[in-house]
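**Q** Attaching a single structure in structure tokens format; questions to follow.
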Amino acid sequence: MSLAGKTAVITGSNSGIGLGIAWGLAREGANVVLNSFTDRDEDHAIAAEIAKETGVEARYIQADMSKGQDCRALIEKAGVCDILVNNAGIQNVDPIEAFPVEKWDAIIAINMSSAFHTTAAALQMMRKAGWGRVINIASAHGLRASPFKSAYVTAKHGVVGMTKVVGLETAKEPITANAVCPGYVLTPLVEGQIPDTAKEYGISEDEAIEKVILAKQPSKDFVTVEQLAGIVTFLCSEAASQITGTAIAADGGWTSQ
Ligand code: NAD
């Protein structure tokens, strides 16, 4: 499959899953627009490296996904958006009665409302181009809950719901909208939690992974960013043209329980 000639905008893509997806789409020939809220030389250097290694056009556009107008401006600055990957996300863990209001607002804005704004802006471009893919990186927490993650679980369930609506609203067009729901993924964010968890519980790092971090993931193995990039690439393929409005779990069996 080649995505040559298509342009993908991936929100929150200067690290982790978003960056892995950007690499995956670029390797399939898509031009990519990377994004985060920072505007550092190293952010632009990531785009330059992708362009150099894969031969596609790669740009980095600063935009804060907690702000609706920034979300829409990102799509407008991209100029074209055939593939929209809503990936930007943050987390905070607290019991609901102690959950900081500003964290709640930020998580709802970045993890959920940003997808509303970018999708609204991108659909016009997809309709003009006569083809489009909206891919929302939700989570197993878009399908199941865990305590102390009220904002995250609410936002991710919201994204799964929004995905169904966009799938229905575009059902008669050559546009699809789907959510990908990963279990725990080995990103730098999660890697950093392993030694801390081992220390906190007084156990080895292997035990921390199996018994604490992957407690809900029956495979006892992390999802990889490469696997997620593969799922996103598949959703862009002709074979996936009738897959729309759905949530694809990549969670080692978590949500089968
Ligand atoms: P990460 O922290 O490496 O990546 C998050 C990205 O979002 C970064 O590029 C960050 O700069 C960006 N971001 C944060 N705030 C932003 C803002 N205001 N504006 C623009 N960009 C912003 O984490 P990750 O693990 O790669 O997570 C990516 C997505 O995958 C998130 O939506 C997360 O909820 C989801 N997810 C992660 C896991 C996991 O185990 N890591 C599991 C399921 C779902």
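In the structure tokens, the first chain shown is A, the next is B, and so on; residue numbers restart at 1 for each chain, and ligands run from 1 in the order shown.
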Counting only C-alpha atoms, what is within 10 Å of His117 in chain A, bar same-chain residues fewer than 3 positions away, as a list in words?

**A**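 With the cut-off at 10 Å, the set is Met65, Lys67, Gly68, Gln69, Asp70, Cys71, Arg72, Ala73, Leu74, Ile75, Met112, Ser113, Ser114, Ala120, Ala121 and Ala122 of chain A.
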
**Q** Kindly save the residues from that selection, with N, CA, C and O atoms included, as a PDB file, in the first residue's frame.

**A**
```pdb
ATOM      1  N   MET A  65      -3.332  22.001  21.880  1.00  0.00           N
ATOM      2  CA  MET A  65      -4.588  21.262  21.717  1.00  0.00           C
ATOM      3  C   MET A  65      -5.573  21.477  22.876  1.00  0.00           C
ATOM      4  O   MET A  65      -6.671  20.941  22.854  1.00  0.00           O
ATOM      5  N   LYS A  67      -6.642  24.414  23.361  1.00  0.00           N
ATOM      6  CA  LYS A  67      -7.366  25.612  22.893  1.00  0.00           C
ATOM      7  C   LYS A  67      -8.059  25.329  21.564  1.00  0.00           C
ATOM      8  O   LYS A  67      -7.393  24.983  20.571  1.00  0.00           O
ATOM      9  N   GLY A  68      -9.357  25.508  21.550  1.00  0.00           N
ATOM     10  CA  GLY A  68     -10.153  25.213  20.348  1.00  0.00           C
ATOM     11  C   GLY A  68      -9.648  25.920  19.102  1.00  0.00           C
ATOM     12  O   GLY A  68      -9.525  25.319  18.038  1.00  0.00           O
ATOM     13  N   GLN A  69      -9.311  27.225  19.242  1.00  0.00           N
ATOM     14  CA  GLN A  69      -8.887  27.977  18.046  1.00  0.00           C
ATOM     15  C   GLN A  69      -7.547  27.481  17.529  1.00  0.00           C
ATOM     16  O   GLN A  69      -7.286  27.485  16.321  1.00  0.00           O
ATOM     17  N   ASP A  70      -6.661  27.017  18.447  1.00  0.00           N
ATOM     18  CA  ASP A  70      -5.374  26.441  18.029  1.00  0.00           C
ATOM     19  C   ASP A  70      -5.595  25.133  17.254  1.00  0.00           C
ATOM     20  O   ASP A  70      -4.888  24.854  16.282  1.00  0.00           O
ATOM     21  N   CYS A  71      -6.550  24.344  17.715  1.00  0.00           N
ATOM     22  CA  CYS A  71      -6.839  23.063  17.046  1.00  0.00           C
ATOM     23  C   CYS A  71      -7.257  23.320  15.608  1.00  0.00           C
ATOM     24  O   CYS A  71      -6.773  22.676  14.672  1.00  0.00           O
ATOM     25  N   ARG A  72      -8.156  24.274  15.429  1.00  0.00           N
ATOM     26  CA  ARG A  72      -8.645  24.595  14.078  1.00  0.00           C
ATOM     27  C   ARG A  72      -7.540  25.237  13.248  1.00  0.00           C
ATOM     28  O   ARG A  72      -7.414  24.966  12.047  1.00  0.00           O
ATOM     29  N   ALA A  73      -6.714  26.075  13.901  1.00  0.00           N
ATOM     30  CA  ALA A  73      -5.613  26.741  13.188  1.00  0.00           C
ATOM     31  C   ALA A  73      -4.580  25.713  12.709  1.00  0.00           C
ATOM     32  O   ALA A  73      -3.979  25.884  11.638  1.00  0.00           O
ATOM     33  N   LEU A  74      -4.369  24.659  13.486  1.00  0.00           N
ATOM     34  CA  LEU A  74      -3.423  23.605  13.070  1.00  0.00           C
ATOM     35  C   LEU A  74      -3.842  23.031  11.717  1.00  0.00           C
ATOM     36  O   LEU A  74      -3.011  22.882  10.809  1.00  0.00           O
ATOM     37  N   ILE A  75      -5.114  22.721  11.587  1.00  0.00           N
ATOM     38  CA  ILE A  75      -5.605  22.124  10.331  1.00  0.00           C
ATOM     39  C   ILE A  75      -5.508  23.147   9.193  1.00  0.00           C
ATOM     40  O   ILE A  75      -5.092  22.823   8.083  1.00  0.00           O
ATOM     41  N   MET A 112     -10.213  15.195  24.565  1.00  0.00           N
ATOM     42  CA  MET A 112     -11.520  15.000  23.923  1.00  0.00           C
ATOM     43  C   MET A 112     -11.910  16.159  23.001  1.00  0.00           C
ATOM     44  O   MET A 112     -12.086  15.970  21.804  1.00  0.00           O
ATOM     45  N   SER A 113     -12.020  17.360  23.537  1.00  0.00           N
ATOM     46  CA  SER A 113     -12.567  18.472  22.728  1.00  0.00           C
ATOM     47  C   SER A 113     -11.675  18.797  21.536  1.00  0.00           C
ATOM     48  O   SER A 113     -12.167  19.245  20.493  1.00  0.00           O
ATOM     49  N   SER A 114     -10.365  18.580  21.666  1.00  0.00           N
ATOM     50  CA  SER A 114      -9.467  18.867  20.539  1.00  0.00           C
ATOM     51  C   SER A 114      -9.884  18.067  19.310  1.00  0.00           C
ATOM     52  O   SER A 114      -9.846  18.576  18.184  1.00  0.00           O
ATOM     53  N   ALA A 120     -13.847  18.839  12.880  1.00  0.00           N
ATOM     54  CA  ALA A 120     -14.732  19.810  12.206  1.00  0.00           C
ATOM     55  C   ALA A 120     -13.965  20.541  11.103  1.00  0.00           C
ATOM     56  O   ALA A 120     -14.487  20.730   9.997  1.00  0.00           O
ATOM     57  N   ALA A 121     -12.738  20.924  11.407  1.00  0.00           N
ATOM     58  CA  ALA A 121     -11.937  21.660  10.414  1.00  0.00           C
ATOM     59  C   ALA A 121     -11.466  20.747   9.282  1.00  0.00           C
ATOM     60  O   ALA A 121     -11.448  21.153   8.111  1.00  0.00           O
ATOM     61  N   ALA A 122     -11.096  19.512   9.619  1.00  0.00           N
ATOM     62  CA  ALA A 122     -10.502  18.616   8.608  1.00  0.00           C
ATOM     63  C   ALA A 122     -11.543  18.030   7.662  1.00  0.00           C
ATOM     64  O   ALA A 122     -11.232  17.765   6.499  1.00  0.00           O
TER      65      ALA A 122
END
```

**Q** Dump the neighbourhood of ligand 1 as a PyMOL selection string: all residues within 8 Å, distances computed on only C-alpha atoms and all ligand atoms.

**A** chain A and resi 11-19+35-38+62-67+86-91+106+110-111+137-141+152+156+181-190+223

**Q** Using only C-alpha atoms, which residue out of A:Leu228, A:Leu168, A:Ile213, A:Val180 lies closest to Gln242 in chain A?

**A**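 Under the stated criterion, the closest residue is A:Leu168.
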
**Q** For Arg133 in chain A, which of A:Ala151, A:Leu34, A:Ile175, A:Val56 is the closest residue, counting only C-alpha atoms?

**A** A:Ile175

**Q** Can you measure CA of Val232 in chain A to CA of Trp23 in chain A for me? One decimal in Å is fine.

**A** 11.3 Å

**Q** Out of range 67-213 of chain A, which residues get strand (DSSP E) from DSSP, as a list of chain:residue names?

**A**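 Output for range 67-213 of chain A, strand (DSSP E) only: A:Ile83, A:Leu84, A:Val85, A:Asn86, A:Gly132, A:Arg133, A:Val134, A:Ile135, A:Asn136, A:Ile137, A:Ile175, A:Thr176, A:Ala177, A:Asn178, A:Ala179, A:Val180, A:Cys181, A:Pro182.
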
**Q** So how far away is CA of Arg144 in chain A from CA of Glu169 in chain A, in Å?

**A** 25.4 Å

**Q** Within 9 Å of Glu57 in chain A, counting only C-alpha atoms, which residues show up once you throw out same-chain ones fewer than 4 positions away? Write them as number ranges by chain, please.

**A** A: 7, 26, 30-33, 47-48, 50-52

**Q** Using only C-alpha atoms, determine which residues lie at most 12 Å from Gly230 in chain A, disregarding the query and same-chain residues fewer than 4 positions distant; provide the list as a tab-separated table (two decimals) with C-alpha atoms, in the first residue's frame.

**A**
```
chain	number	residue	atom	x	y	z
A	1	MET	CA	0.00	0.00	0.00
A	17	ILE	CA	2.67	6.96	20.09
A	20	GLY	CA	5.59	6.37	16.05
A	21	ILE	CA	2.44	6.84	13.97
A	22	ALA	CA	4.05	9.74	12.08
A	23	TRP	CA	7.04	7.54	11.23
A	24	GLY	CA	4.74	4.68	10.17
A	25	LEU	CA	2.64	6.88	7.87
A	26	ALA	CA	5.74	8.57	6.43
A	27	ARG	CA	7.27	5.15	5.66
A	28	GLU	CA	4.09	4.41	3.66
A	180	VAL	CA	-7.92	2.82	18.29
A	223	VAL	CA	1.53	-2.84	23.10
A	224	THR	CA	4.23	-1.22	20.92
A	225	VAL	CA	4.08	2.05	19.03
A	226	GLU	CA	5.03	0.11	15.88
A	234	PHE	CA	-4.26	-0.47	7.92
A	235	LEU	CA	-7.18	1.89	8.67
A	236	CYS	CA	-5.90	4.08	5.82
A	237	SER	CA	-5.96	1.16	3.38
A	250	ALA	CA	-5.23	-3.34	20.91
```

**Q** So that I can check the surroundings of Lys220 in chain A, please list as a CSV table (one decimal) with all heavy atoms, in the first residue's frame every protein, DNA and RNA residue that reaches within 9 Å of it, counting only C-alpha atoms and ignoring chain neighbours fewer than 3 positions away.

**A**
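Wrote around_13.csv, looks like this:
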```
chain,number,residue,atom,x,y,z
A,209,ILE,N,6.0,-4.7,36.4
A,209,ILE,CA,5.4,-4.7,35.1
A,209,ILE,C,4.2,-5.7,35.1
A,209,ILE,O,3.1,-5.4,34.8
A,209,ILE,CB,6.4,-5.1,34.0
A,209,ILE,CG1,7.4,-4.0,33.8
A,209,ILE,CG2,5.7,-5.4,32.7
A,209,ILE,CD1,8.6,-4.4,32.9
A,210,GLU,N,4.5,-7.0,35.6
A,210,GLU,CA,3.5,-8.0,35.5
A,210,GLU,C,2.3,-7.8,36.5
A,210,GLU,O,1.1,-7.9,36.1
A,210,GLU,CB,4.1,-9.4,35.7
A,210,GLU,CG,3.2,-10.5,35.3
A,210,GLU,CD,3.7,-11.9,35.8
A,210,GLU,OE1,4.9,-12.1,35.7
A,210,GLU,OE2,2.9,-12.7,36.1
A,211,LYS,N,2.7,-7.5,37.7
A,211,LYS,CA,1.6,-7.5,38.8
A,211,LYS,C,0.9,-6.1,38.9
A,211,LYS,O,-0.2,-6.1,39.4
A,211,LYS,CB,2.3,-7.9,40.1
A,211,LYS,CG,2.8,-9.3,40.0
A,211,LYS,CD,3.0,-9.9,41.4
A,211,LYS,CE,3.3,-11.4,41.3
A,211,LYS,NZ,4.6,-11.8,41.8
A,214,LEU,N,0.8,-4.1,34.3
A,214,LEU,CA,0.0,-4.8,33.4
A,214,LEU,C,-1.0,-5.7,34.1
A,214,LEU,O,-1.4,-6.8,33.6
A,214,LEU,CB,0.9,-5.7,32.5
A,214,LEU,CG,1.8,-4.9,31.6
A,214,LEU,CD1,2.7,-5.8,30.7
A,214,LEU,CD2,1.0,-3.9,30.6
A,215,ALA,N,-1.5,-5.3,35.3
A,215,ALA,CA,-2.4,-6.1,36.1
A,215,ALA,C,-3.7,-6.4,35.3
A,215,ALA,O,-4.2,-7.5,35.4
A,215,ALA,CB,-2.8,-5.4,37.4
A,216,LYS,N,-4.1,-5.5,34.4
A,216,LYS,CA,-5.4,-5.7,33.7
A,216,LYS,C,-5.2,-6.2,32.3
A,216,LYS,O,-6.1,-6.4,31.5
A,216,LYS,CB,-6.1,-4.3,33.6
A,216,LYS,CG,-6.7,-3.9,35.0
A,216,LYS,CD,-7.5,-2.6,34.8
A,216,LYS,CE,-8.1,-2.3,36.2
A,216,LYS,NZ,-8.9,-1.1,36.1
A,217,GLN,N,-3.9,-6.4,31.9
A,217,GLN,CA,-3.6,-6.7,30.5
A,217,GLN,C,-3.2,-8.2,30.4
A,217,GLN,O,-2.0,-8.6,30.7
A,217,GLN,CB,-2.4,-5.8,30.0
A,217,GLN,CG,-2.4,-5.7,28.5
A,217,GLN,CD,-1.9,-4.3,28.1
A,217,GLN,OE1,-2.4,-3.3,28.5
A,217,GLN,NE2,-0.9,-4.3,27.3
A,252,GLY,N,-4.1,-6.6,24.4
A,252,GLY,CA,-3.7,-7.9,25.0
A,252,GLY,C,-4.9,-8.6,25.7
A,252,GLY,O,-4.6,-9.4,26.6
```

**Q** In Å to one decimal, how far is CA of Ile96 in chain A from CA of Ser150 in chain A?

**A**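 Rounded to one decimal, the two atoms are 6.4 Å apart.
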
**Q** Tell me which of A:Ala78, A:Ala8, A:Ala171, A:Ala179 sits closest to Gly29 in chain A, counting only C-alpha atoms.

**A**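 Ranked by minimum distance to Gly29 in chain A, first place goes to A:Ala8.
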
**Q** May I have all residues of range 87-219 of chain A that DSSP, computed from the backbone, assigns to helix (DSSP H, G or I), given as a compact mmCIF listing (two decimals) with N, CA and C atoms, in the first residue's frame?

**A**
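Everything below was put into selection-v1.txt:
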```txt
# COMPACT_ATOMS: atom_id res chain seq x y z
N ILE A 96 -11.82 11.41 42.76
CA ILE A 96 -12.64 12.46 42.13
C ILE A 96 -12.81 13.68 43.05
N GLU A 97 -12.94 13.45 44.35
CA GLU A 97 -13.18 14.58 45.25
C GLU A 97 -11.93 15.45 45.42
N ALA A 98 -10.75 14.89 45.07
CA ALA A 98 -9.51 15.66 45.18
C ALA A 98 -8.94 16.00 43.80
N VAL A 101 -9.42 20.85 39.56
CA VAL A 101 -10.34 21.32 38.51
C VAL A 101 -9.58 21.67 37.24
N GLU A 102 -8.39 22.29 37.39
CA GLU A 102 -7.66 22.68 36.18
C GLU A 102 -7.15 21.46 35.42
N LYS A 103 -6.86 20.36 36.15
CA LYS A 103 -6.46 19.11 35.47
C LYS A 103 -7.66 18.51 34.73
N TRP A 104 -8.83 18.53 35.38
CA TRP A 104 -10.05 18.04 34.72
C TRP A 104 -10.27 18.81 33.42
N ASP A 105 -10.22 20.14 33.50
CA ASP A 105 -10.48 20.97 32.32
C ASP A 105 -9.46 20.69 31.22
N ALA A 106 -8.19 20.56 31.61
CA ALA A 106 -7.14 20.34 30.61
C ALA A 106 -7.30 18.97 29.93
N ILE A 107 -7.62 17.95 30.71
CA ILE A 107 -7.76 16.60 30.14
C ILE A 107 -8.97 16.53 29.21
N ILE A 108 -10.07 17.13 29.62
CA ILE A 108 -11.26 17.13 28.75
C ILE A 108 -10.95 17.89 27.45
N ALA A 109 -10.23 19.01 27.58
CA ALA A 109 -9.91 19.83 26.40
C ALA A 109 -8.94 19.12 25.46
N ILE A 110 -7.81 18.62 26.02
CA ILE A 110 -6.76 18.04 25.17
C ILE A 110 -7.16 16.65 24.66
N ASN A 111 -7.70 15.81 25.56
CA ASN A 111 -7.96 14.41 25.19
C ASN A 111 -9.28 14.24 24.43
N MET A 112 -10.21 15.19 24.56
CA MET A 112 -11.52 15.00 23.92
C MET A 112 -11.91 16.16 23.00
N SER A 113 -12.02 17.36 23.54
CA SER A 113 -12.57 18.47 22.73
C SER A 113 -11.67 18.80 21.54
N SER A 114 -10.37 18.58 21.67
CA SER A 114 -9.47 18.87 20.54
C SER A 114 -9.88 18.07 19.31
N ALA A 115 -10.32 16.83 19.52
CA ALA A 115 -10.74 15.98 18.39
C ALA A 115 -12.00 16.54 17.72
N PHE A 116 -12.87 17.16 18.51
CA PHE A 116 -14.06 17.81 17.95
C PHE A 116 -13.63 18.95 17.01
N HIS A 117 -12.72 19.79 17.49
CA HIS A 117 -12.31 20.96 16.70
C HIS A 117 -11.53 20.55 15.44
N THR A 118 -10.56 19.65 15.60
CA THR A 118 -9.74 19.26 14.44
C THR A 118 -10.59 18.53 13.40
N THR A 119 -11.50 17.67 13.89
CA THR A 119 -12.36 16.92 12.96
C THR A 119 -13.25 17.88 12.18
N ALA A 120 -13.85 18.84 12.88
CA ALA A 120 -14.73 19.81 12.21
C ALA A 120 -13.96 20.54 11.10
N ALA A 121 -12.74 20.92 11.41
CA ALA A 121 -11.94 21.66 10.41
C ALA A 121 -11.47 20.75 9.28
N ALA A 122 -11.10 19.51 9.62
CA ALA A 122 -10.50 18.62 8.61
C ALA A 122 -11.54 18.03 7.66
N LEU A 123 -12.77 17.82 8.14
CA LEU A 123 -13.78 17.17 7.29
C LEU A 123 -14.04 17.97 6.01
N GLN A 124 -13.98 19.31 6.12
CA GLN A 124 -14.18 20.14 4.92
C GLN A 124 -13.11 19.81 3.88
N MET A 125 -11.86 19.65 4.34
CA MET A 125 -10.76 19.34 3.42
C MET A 125 -10.90 17.93 2.84
N MET A 126 -11.32 16.99 3.68
CA MET A 126 -11.49 15.60 3.21
C MET A 126 -12.58 15.54 2.15
N ARG A 127 -13.66 16.27 2.37
CA ARG A 127 -14.78 16.27 1.40
C ARG A 127 -14.32 16.86 0.08
N LYS A 128 -13.52 17.91 0.16
CA LYS A 128 -13.00 18.55 -1.06
C LYS A 128 -12.09 17.57 -1.82
N ALA A 129 -11.28 16.83 -1.05
CA ALA A 129 -10.34 15.88 -1.67
C ALA A 129 -11.04 14.59 -2.11
N ALA A 140 -7.96 1.78 26.06
CA ALA A 140 -8.81 0.78 26.72
C ALA A 140 -9.71 1.50 27.72
N HIS A 141 -9.23 2.65 28.21
CA HIS A 141 -10.03 3.46 29.12
C HIS A 141 -11.14 4.22 28.40
N GLY A 142 -11.27 4.05 27.10
CA GLY A 142 -12.45 4.52 26.37
C GLY A 142 -13.55 3.49 26.40
N SER A 150 -10.86 9.79 36.58
CA SER A 150 -12.20 10.25 36.15
C SER A 150 -12.14 11.05 34.85
N ALA A 151 -11.24 12.03 34.77
CA ALA A 151 -11.21 12.89 33.58
C ALA A 151 -10.78 12.08 32.35
N TYR A 152 -9.75 11.26 32.51
CA TYR A 152 -9.20 10.48 31.39
C TYR A 152 -10.26 9.51 30.86
N VAL A 153 -10.90 8.78 31.78
CA VAL A 153 -11.91 7.79 31.37
C VAL A 153 -13.10 8.50 30.72
N THR A 154 -13.50 9.62 31.28
CA THR A 154 -14.61 10.40 30.70
C THR A 154 -14.25 10.87 29.30
N ALA A 155 -13.06 11.45 29.16
CA ALA A 155 -12.63 11.98 27.85
C ALA A 155 -12.52 10.87 26.82
N LYS A 156 -11.92 9.74 27.20
CA LYS A 156 -11.70 8.66 26.23
C LYS A 156 -13.03 7.99 25.84
N HIS A 157 -13.97 7.82 26.81
CA HIS A 157 -15.30 7.34 26.45
C HIS A 157 -15.97 8.33 25.49
N GLY A 158 -15.76 9.62 25.75
CA GLY A 158 -16.32 10.66 24.88
C GLY A 158 -15.78 10.56 23.47
N VAL A 159 -14.50 10.30 23.36
CA VAL A 159 -13.87 10.18 22.04
C VAL A 159 -14.45 8.97 21.28
N VAL A 160 -14.65 7.88 21.99
CA VAL A 160 -15.24 6.69 21.34
C VAL A 160 -16.66 7.03 20.86
N GLY A 161 -17.41 7.77 21.66
CA GLY A 161 -18.76 8.19 21.24
C GLY A 161 -18.71 9.12 20.04
N MET A 162 -17.80 10.09 20.07
CA MET A 162 -17.68 11.05 18.96
C MET A 162 -17.30 10.32 17.68
N THR A 163 -16.47 9.30 17.80
CA THR A 163 -16.04 8.51 16.64
C THR A 163 -17.25 7.87 15.95
N LYS A 164 -18.19 7.35 16.76
CA LYS A 164 -19.40 6.72 16.19
C LYS A 164 -20.21 7.76 15.42
N VAL A 165 -20.34 8.96 16.00
CA VAL A 165 -21.13 10.02 15.36
C VAL A 165 -20.47 10.43 14.03
N VAL A 166 -19.17 10.63 14.03
CA VAL A 166 -18.48 11.05 12.80
C VAL A 166 -18.58 9.92 11.76
N GLY A 167 -18.48 8.69 12.21
CA GLY A 167 -18.64 7.55 11.29
C GLY A 167 -20.01 7.59 10.62
N LEU A 168 -21.05 7.89 11.40
CA LEU A 168 -22.41 7.95 10.83
C LEU A 168 -22.58 9.16 9.92
N GLU A 169 -22.04 10.30 10.34
CA GLU A 169 -22.22 11.52 9.53
C GLU A 169 -21.49 11.45 8.19
N PRO A 188 8.06 6.30 26.49
CA PRO A 188 8.93 6.82 27.55
C PRO A 188 8.16 7.16 28.83
N LEU A 189 6.92 7.61 28.64
CA LEU A 189 6.05 7.94 29.78
C LEU A 189 5.87 6.74 30.72
N VAL A 190 5.56 5.59 30.12
CA VAL A 190 5.31 4.37 30.91
C VAL A 190 6.64 3.78 31.39
N GLU A 191 7.67 3.82 30.53
CA GLU A 191 9.00 3.30 30.93
C GLU A 191 9.46 3.95 32.22
N GLN A 193 7.72 4.95 34.62
CA GLN A 193 6.93 4.53 35.79
C GLN A 193 7.41 3.20 36.36
N ILE A 194 8.17 2.42 35.56
CA ILE A 194 8.53 1.06 36.00
C ILE A 194 9.44 1.08 37.24
N PRO A 195 10.58 1.79 37.21
CA PRO A 195 11.43 1.81 38.43
C PRO A 195 10.71 2.41 39.64
N ASP A 196 9.91 3.44 39.41
CA ASP A 196 9.18 4.07 40.52
C ASP A 196 8.19 3.09 41.15
N THR A 197 7.49 2.35 40.28
CA THR A 197 6.50 1.39 40.79
C THR A 197 7.19 0.27 41.56
N ALA A 198 8.33 -0.21 41.01
CA ALA A 198 9.08 -1.28 41.69
C ALA A 198 9.50 -0.81 43.08
N LYS A 199 9.99 0.41 43.15
CA LYS A 199 10.44 0.97 44.43
C LYS A 199 9.28 1.12 45.40
N GLU A 200 8.18 1.64 44.90
CA GLU A 200 7.00 1.90 45.75
C GLU A 200 6.48 0.60 46.37
N TYR A 201 6.45 -0.50 45.58
CA TYR A 201 5.90 -1.76 46.07
C TYR A 201 6.98 -2.68 46.66
N GLU A 205 11.59 -4.93 38.98
CA GLU A 205 10.96 -4.22 37.85
C GLU A 205 10.07 -5.17 37.04
N ASP A 206 10.52 -6.45 36.88
CA ASP A 206 9.70 -7.42 36.15
C ASP A 206 8.37 -7.65 36.84
N GLU A 207 8.43 -7.77 38.19
CA GLU A 207 7.18 -7.97 38.95
C GLU A 207 6.29 -6.73 38.87
N ALA A 208 6.93 -5.56 38.87
CA ALA A 208 6.16 -4.31 38.79
C ALA A 208 5.39 -4.26 37.47
N ILE A 209 6.05 -4.73 36.40
CA ILE A 209 5.38 -4.74 35.09
C ILE A 209 4.20 -5.72 35.12
N GLU A 210 4.48 -6.96 35.58
CA GLU A 210 3.47 -8.01 35.49
C GLU A 210 2.32 -7.80 36.46
N LYS A 211 2.67 -7.48 37.72
CA LYS A 211 1.64 -7.48 38.77
C LYS A 211 0.95 -6.14 38.95
N VAL A 212 1.63 -5.06 38.60
CA VAL A 212 1.02 -3.74 38.85
C VAL A 212 0.64 -3.07 37.54
N ILE A 213 1.65 -2.79 36.70
CA ILE A 213 1.35 -1.99 35.50
C ILE A 213 0.46 -2.78 34.53
```
